[in-house]
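**Student:** File follows, upload37.csv with CSV, C-alpha atoms and all ligand atoms:
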chain,number,residue,atom,x,y,z
A,1,MET,CA,-4.2,-6.5,4.3
A,2,ILE,CA,-2.0,-3.8,2.9
A,3,SER,CA,-2.7,-0.1,3.4
A,4,ILE,CA,-1.2,3.1,2.1
A,5,THR,CA,-1.8,6.3,4.0
A,6,PHE,CA,-0.8,9.5,2.1
A,7,LEU,CA,0.9,11.8,4.5
A,8,GLY,CA,1.4,14.4,1.7
A,9,THR,CA,0.4,14.7,-1.9
A,10,ALA,CA,1.9,18.1,-3.1
A,11,CYS,CA,4.8,18.7,-5.5
A,12,ALA,CA,7.8,20.6,-4.2
A,13,VAL,CA,5.6,23.6,-3.1
A,14,PRO,CA,3.1,22.5,-0.4
A,15,ASP,CA,0.2,24.5,0.9
A,16,LYS,CA,-1.9,24.5,4.1
A,17,ASP,CA,-3.8,21.4,3.0
A,18,HIS,CA,-1.1,19.5,1.2
A,19,GLN,CA,2.3,18.4,2.5
A,20,ASN,CA,5.0,17.3,0.1
A,21,THR,CA,4.4,13.8,-1.3
A,22,HIS,CA,5.3,11.0,1.2
A,23,PHE,CA,3.3,8.1,2.5
A,24,VAL,CA,3.4,5.0,4.8
A,25,VAL,CA,2.8,1.4,3.9
A,26,GLU,CA,1.3,-1.0,6.5
A,27,SER,CA,1.2,-4.7,6.0
A,28,GLY,CA,1.4,-7.3,8.8
A,29,GLU,CA,4.3,-6.3,11.1
A,30,HIS,CA,5.7,-3.9,8.4
A,31,PHE,CA,5.2,-0.2,8.8
A,32,LEU,CA,7.3,1.5,6.1
A,33,MET,CA,7.7,5.2,5.5
A,34,VAL,CA,8.4,6.3,2.0
A,35,ASP,CA,10.2,9.7,2.0
A,36,CYS,CA,10.0,12.0,5.0
A,37,VAL,CA,9.4,15.7,5.0
A,38,GLY,CA,8.1,18.6,7.2
A,39,ASN,CA,7.6,17.7,10.8
A,40,PRO,CA,7.2,13.9,10.7
A,41,ILE,CA,6.1,13.2,14.3
A,42,VAL,CA,3.3,15.7,13.9
A,43,ARG,CA,2.2,14.3,10.6
A,44,LEU,CA,2.3,10.7,11.8
A,45,GLU,CA,0.2,11.5,14.8
A,46,GLN,CA,-2.3,13.5,12.7
A,47,ALA,CA,-2.7,10.3,10.7
A,48,GLY,CA,-3.2,8.3,13.9
A,49,PHE,CA,0.1,6.4,13.9
A,50,ASP,CA,2.6,5.7,16.6
A,51,PRO,CA,5.9,7.1,15.2
A,52,LEU,CA,7.9,4.5,17.2
A,53,ALA,CA,6.2,1.8,15.2
A,54,ILE,CA,8.1,2.6,12.0
A,55,THR,CA,10.0,-0.5,10.8
A,56,GLY,CA,11.8,1.1,7.9
A,57,LEU,CA,12.4,4.3,5.8
A,58,VAL,CA,12.7,4.4,2.0
A,59,LEU,CA,14.2,7.5,0.5
A,60,THR,CA,13.4,7.7,-3.3
A,61,HIS,CA,15.8,10.5,-4.0
A,62,PHE,CA,17.7,13.3,-2.3
A,63,HIS,CA,15.5,16.4,-3.1
A,64,PRO,CA,14.5,18.5,-0.1
A,65,ASP,CA,10.8,17.9,-0.7
A,66,HIS,CA,11.5,14.2,-0.2
A,67,VAL,CA,14.1,14.0,2.6
A,68,SER,CA,13.9,17.3,4.6
A,69,GLY,CA,12.2,15.6,7.5
A,70,VAL,CA,14.7,12.8,8.1
A,71,PRO,CA,17.0,14.5,10.6
A,72,LEU,CA,14.1,15.6,12.7
A,73,LEU,CA,12.5,12.2,12.5
A,74,LEU,CA,15.7,10.5,13.7
A,75,LEU,CA,16.3,13.1,16.5
A,76,ASP,CA,12.7,12.7,17.8
A,77,LEU,CA,12.6,8.9,17.6
A,78,TRP,CA,15.8,8.9,19.7
A,79,LEU,CA,14.4,11.4,22.2
A,80,MET,CA,11.1,9.3,22.3
A,81,GLY,CA,13.2,6.3,23.4
A,82,ARG,CA,13.5,4.2,20.3
A,83,LYS,CA,15.8,1.3,20.8
A,84,ASN,CA,15.1,-0.9,17.7
A,85,PRO,CA,17.5,-0.5,14.7
A,86,LEU,CA,15.9,1.5,11.9
A,87,PRO,CA,16.8,0.4,8.3
A,88,ILE,CA,17.0,3.2,5.7
A,89,TYR,CA,17.0,2.2,2.1
A,90,GLY,CA,18.3,4.5,-0.7
A,91,LEU,CA,20.4,4.5,-3.8
A,92,HIS,CA,24.2,5.0,-3.3
A,93,ASP,CA,23.9,8.7,-4.1
A,94,VAL,CA,21.1,9.1,-1.6
A,95,ILE,CA,22.8,7.3,1.3
A,96,LEU,CA,26.0,9.3,0.6
A,97,ARG,CA,24.2,12.6,0.8
A,98,PHE,CA,22.2,11.4,3.8
A,99,GLU,CA,25.4,10.6,5.7
A,100,LYS,CA,26.8,14.1,4.8
A,101,MET,CA,23.6,15.7,6.0
A,102,MET,CA,23.6,13.8,9.3
A,103,ALA,CA,27.3,14.6,9.9
A,104,LEU,CA,26.4,18.4,9.7
A,105,TYR,CA,23.9,17.7,12.4
A,106,GLY,CA,26.6,16.0,14.5
A,107,TRP,CA,24.6,12.8,14.9
A,108,GLU,CA,27.7,10.9,16.1
A,109,ASP,CA,27.4,12.8,19.4
A,110,TRP,CA,23.8,11.6,20.0
A,111,LYS,CA,24.4,9.4,23.1
A,112,GLY,CA,22.4,6.1,23.1
A,113,PHE,CA,21.1,6.8,19.6
A,114,PHE,CA,19.5,3.7,18.1
A,115,THR,CA,21.3,1.9,15.2
A,116,VAL,CA,20.5,3.2,11.7
A,117,GLU,CA,21.1,0.4,9.2
A,118,LEU,CA,22.0,1.9,5.8
A,119,HIS,CA,21.0,-0.1,2.8
A,120,ARG,CA,22.8,1.1,-0.3
A,121,ILE,CA,20.5,0.1,-3.2
A,122,PRO,CA,22.1,-0.5,-6.6
A,123,SER,CA,20.7,1.2,-9.7
A,124,THR,CA,19.4,-2.0,-11.2
A,125,GLU,CA,15.8,-2.9,-12.1
A,126,MET,CA,13.7,-5.0,-9.6
A,127,THR,CA,16.3,-4.9,-6.9
A,128,PRO,CA,14.8,-6.4,-3.7
A,129,LEU,CA,14.9,-4.0,-0.7
A,130,ILE,CA,12.8,-6.2,1.6
A,131,GLN,CA,12.1,-9.8,0.9
A,132,GLY,CA,9.8,-11.6,3.2
A,133,ASP,CA,7.3,-14.4,2.4
A,134,ALA,CA,4.3,-12.0,2.7
A,135,PHE,CA,5.9,-8.7,2.0
A,136,GLN,CA,8.3,-7.9,-0.7
A,137,VAL,CA,9.6,-4.4,-1.8
A,138,LEU,CA,11.4,-4.0,-5.1
A,139,SER,CA,13.0,-0.9,-6.6
A,140,SER,CA,14.0,0.3,-10.1
A,141,PRO,CA,15.8,3.4,-11.2
A,142,VAL,CA,13.5,6.0,-12.8
A,143,LEU,CA,14.2,9.1,-14.9
A,144,HIS,CA,14.4,12.2,-12.7
A,145,MET,CA,16.9,15.1,-12.5
A,146,ILE,CA,19.0,13.2,-10.1
A,147,PRO,CA,19.2,9.5,-9.2
A,148,ALA,CA,15.8,8.3,-8.1
A,149,MET,CA,14.0,5.0,-7.7
A,150,GLY,CA,10.5,3.8,-8.0
A,151,LEU,CA,9.0,1.0,-6.0
A,152,ARG,CA,6.8,-2.1,-6.2
A,153,ILE,CA,5.3,-3.7,-3.0
A,154,ASN,CA,4.1,-7.2,-3.3
A,155,THR,CA,1.9,-8.9,-0.7
A,156,LYS,CA,-0.6,-11.8,-0.6
A,157,ASP,CA,-3.4,-9.2,-0.8
A,158,GLY,CA,-2.1,-7.4,-3.9
A,159,ALA,CA,0.6,-5.2,-5.4
A,160,ILE,CA,1.2,-1.5,-5.3
A,161,ALA,CA,3.7,0.4,-7.4
A,162,TYR,CA,5.1,4.0,-6.9
A,163,SER,CA,6.7,6.0,-9.7
A,164,ALA,CA,8.5,8.4,-7.4
A,165,ASP,CA,9.6,11.6,-9.2
A,166,THR,CA,10.1,10.7,-12.9
A,167,ARG,CA,9.3,11.6,-16.4
A,168,PRO,CA,7.3,8.8,-18.1
A,169,CYS,CA,9.4,5.7,-18.3
A,170,ASP,CA,9.3,2.0,-19.2
A,171,ALA,CA,10.9,1.1,-15.9
A,172,VAL,CA,7.6,2.2,-14.1
A,173,VAL,CA,5.5,0.2,-16.6
A,174,ARG,CA,7.5,-2.8,-15.6
A,175,LEU,CA,7.4,-2.0,-11.9
A,176,ALA,CA,3.6,-1.6,-12.1
A,177,ASP,CA,2.9,-4.5,-14.4
A,178,GLY,CA,-0.5,-6.0,-13.4
A,179,ALA,CA,-0.4,-4.2,-10.0
A,180,ASP,CA,-3.7,-3.3,-8.2
A,181,ILE,CA,-2.6,0.3,-7.6
A,182,LEU,CA,-0.1,2.6,-9.3
A,183,ILE,CA,0.8,5.8,-7.4
A,184,HIS,CA,2.2,8.1,-10.0
A,185,GLU,CA,3.5,11.6,-9.9
A,186,ALA,CA,1.6,14.3,-11.8
A,187,THR,CA,3.8,17.4,-11.5
A,188,GLY,CA,3.2,18.5,-15.0
A,189,GLU,CA,5.7,21.0,-16.5
A,190,GLY,CA,9.4,20.5,-15.4
A,191,ASP,CA,12.5,18.5,-16.1
A,192,GLY,CA,12.1,14.9,-14.9
A,193,HIS,CA,8.4,15.0,-14.3
A,194,SER,CA,5.1,13.7,-15.8
A,195,PHE,CA,1.8,15.2,-16.8
A,196,PRO,CA,-1.4,13.5,-15.6
A,197,GLU,CA,-2.1,12.2,-19.2
A,198,GLU,CA,1.4,10.6,-19.2
A,199,ALA,CA,0.7,9.0,-15.8
A,200,GLY,CA,-2.5,7.6,-17.4
A,201,THR,CA,-0.6,6.2,-20.3
A,202,ILE,CA,1.9,4.5,-18.0
A,203,ALA,CA,-1.1,3.0,-15.9
A,204,GLN,CA,-2.7,1.8,-19.1
A,205,ARG,CA,0.4,0.2,-20.4
A,206,ALA,CA,1.0,-1.5,-17.0
A,207,GLY,CA,-2.5,-2.8,-16.9
A,208,VAL,CA,-3.2,-1.6,-13.3
A,209,ARG,CA,-6.6,-1.3,-11.8
A,210,GLU,CA,-6.4,2.0,-10.1
A,211,LEU,CA,-4.2,5.1,-10.5
A,212,TYR,CA,-3.5,7.5,-7.6
A,213,LEU,CA,-2.0,10.8,-8.7
A,214,VAL,CA,0.4,12.5,-6.3
A,215,HIS,CA,3.1,15.2,-6.4
A,216,TYR,CA,0.8,17.6,-8.2
A,217,PRO,CA,0.6,21.4,-8.1
A,218,THR,CA,-1.8,22.4,-5.4
A,219,ASP,CA,-3.2,25.4,-7.3
A,220,GLY,CA,-4.5,23.1,-10.1
A,221,ASP,CA,-8.0,21.6,-10.4
A,222,PRO,CA,-8.0,18.0,-9.2
A,223,ASN,CA,-11.0,17.1,-11.3
A,224,LEU,CA,-9.3,18.3,-14.4
A,225,MET,CA,-6.1,16.4,-13.5
A,226,VAL,CA,-8.2,13.2,-13.1
A,227,GLU,CA,-10.0,13.8,-16.5
A,228,GLN,CA,-6.6,14.3,-18.1
A,229,ALA,CA,-5.3,11.0,-16.7
A,230,LYS,CA,-8.6,9.2,-17.7
A,231,SER,CA,-8.1,10.3,-21.3
A,232,ALA,CA,-5.3,7.7,-21.5
A,233,PHE,CA,-6.4,5.1,-18.9
A,234,ASP,CA,-9.5,2.9,-18.7
A,235,GLY,CA,-9.3,2.2,-14.9
A,236,ILE,CA,-10.1,4.2,-11.8
A,237,VAL,CA,-8.2,7.5,-11.3
A,238,VAL,CA,-8.0,9.3,-8.0
A,239,ALA,CA,-6.3,12.6,-7.1
A,240,ALA,CA,-4.8,11.4,-3.7
A,241,GLN,CA,-5.4,13.8,-0.8
A,242,ASP,CA,-3.4,14.2,2.4
A,243,LEU,CA,-4.3,11.6,5.1
A,244,MET,CA,-6.3,9.5,2.6
A,245,LYS,CA,-6.0,5.8,3.4
A,246,VAL,CA,-6.3,3.1,0.7
A,247,SER,CA,-6.4,-0.6,1.5
A,248,LEU,CA,-6.2,-3.9,-0.4
B,301,ZN,ZN,12.4,15.4,-7.0
Once more with this new file: its structure as structure tokens, please.
Ligand SMILES: [Zn+2]

**Tutor:**
Amino acid sequence: MISITFLGTACAVPDKDHQNTHFVVESGEHFLMVDCVGNPIVRLEQAGFDPLAITGLVLTHFHPDHVSGVPLLLLDLWLMGRKNPLPIYGLHDVILRFEKMMALYGWEDWKGFFTVELHRIPSTEMTPLIQGDAFQVLSSPVLHMIPAMGLRINTKDGAIAYSADTRPCDAVVRLADGADILIHEATGEGDGHSFPEEAGTIAQRAGVRELYLVHYPTDGDPNLMVEQAKSAFDGIVVAAQDLMKVSL
């Protein structure tokens, strides 16, 4: 089984019911966090997870509404006694900025800090991040204001794709090709973002079964957003909500 739990679904401005968009993926022994914001330990516990169980962290791009929680996550995992290495995956630009951020926090002085394995992902399509027999994660560059990558997760139980922050692009169609679920941003107005109808068009072109809209303005009408996406897509459309869990 593969499950996604949305830890947040808002665009850059959250509200009391919506954290910024980030989620976890559970499959077999894998427990992957995709982006990390706010107060991660609190959020993971609210979702019923043991924070120490995280097996990897994927950073889609280096905007604060996607990475602001990383230093606190690392600090707290260290204080909670984590010993296992933690792999972090990101584009070259993302890992470079991550290292600068952690240097400002003086992480080299954290005694007994667990090993963080930095995986610098090239900006090429369908690059494997994790390649197991039963769990495979691929990334492709997408079209945002800064370097950003979308994802595809393949398991024996099905495939899930994530657009990350992007304007509508063919790379996401290819990432999501024939997937069971596409998680697509629906920010609307703004450079490097997509409207719900455009997310619907991408889902239709990719031939996915279900479309989950995330990274949306919290002051909008979720039903309207779903209708707009459905105008371009024949499948199921859901406005994802915080702490919603979806399994295949
Ligand atoms: Zn962004």

**Student:** Taking 4 positions as the minimum chain separation for residues in the same chain, which residues sit within 7 Å of A:Phe135 when counting only C-alpha atoms? Answer as a list of chain:residue names.

**Tutor:**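 Using only C-alpha atoms, the neighbours found are A:Gln131, A:Asn154, A:Thr155.
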
**Student:** Return as a list of chain:residue names the residues of protein, DNA or RNA that approach ligand ZN 301 (chain B) to within 7 Å, with all atoms listed in the file taken into account.

**Tutor:** A:His61, A:His63, A:Asp65, A:His66, A:His144, A:Asp165

**Student:** Which residues, written as an MDAnalysis selection string, have at least one atom at most 12 Å from A:Ile183, with all atoms listed in the file counted and residues fewer than 4 positions away on the same chain left out?

**Tutor:** chainID A and resid 4:6 9 21:23 150:153 159:166 172:173 175:176 179 196 199:200 202:203 208:216 236:240 246

**Student:** Just give me the gap between atom CA of A:Phe31 and atom CA of A:Ala47 in Å, one decimal is fine.

**Tutor:**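 Calculated distance between atom CA of A:Phe31 and atom CA of A:Ala47 is 13.3 Å.
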
**Student:** Could you tell me how far atom CA of A:Lys245 lies from atom CA of A:Leu57, in Å and to one decimal?

**Tutor:**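 Atom CA of A:Leu57 lies at a distance of 18.6 Å from atom CA of A:Lys245.
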
**Student:** A:Phe62: which residues within 12 Å, counting all atoms listed in the file, same-chain residues fewer than 3 positions away excluded, as a ChimeraX atom specification?

**Tutor:** /A:35-37,58-59,65-70,89-101,144-149,164-165

**Student:** Name all residues at most 12 Å from A:Ala53 (count all atoms listed in the file; drop same-chain ones fewer than 6 positions away) and give them as a ChimeraX atom specification.

**Tutor:** /A:24-26,29-33,41,44-45,77,80-86

**Student:** Which one is closest to A:Lys230: A:Thr218, A:Ser27, A:Thr187, A:Gln204? Count all atoms listed in the file.

**Tutor:**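 With all atoms listed in the file as the atom set, the closest residue is A:Gln204.
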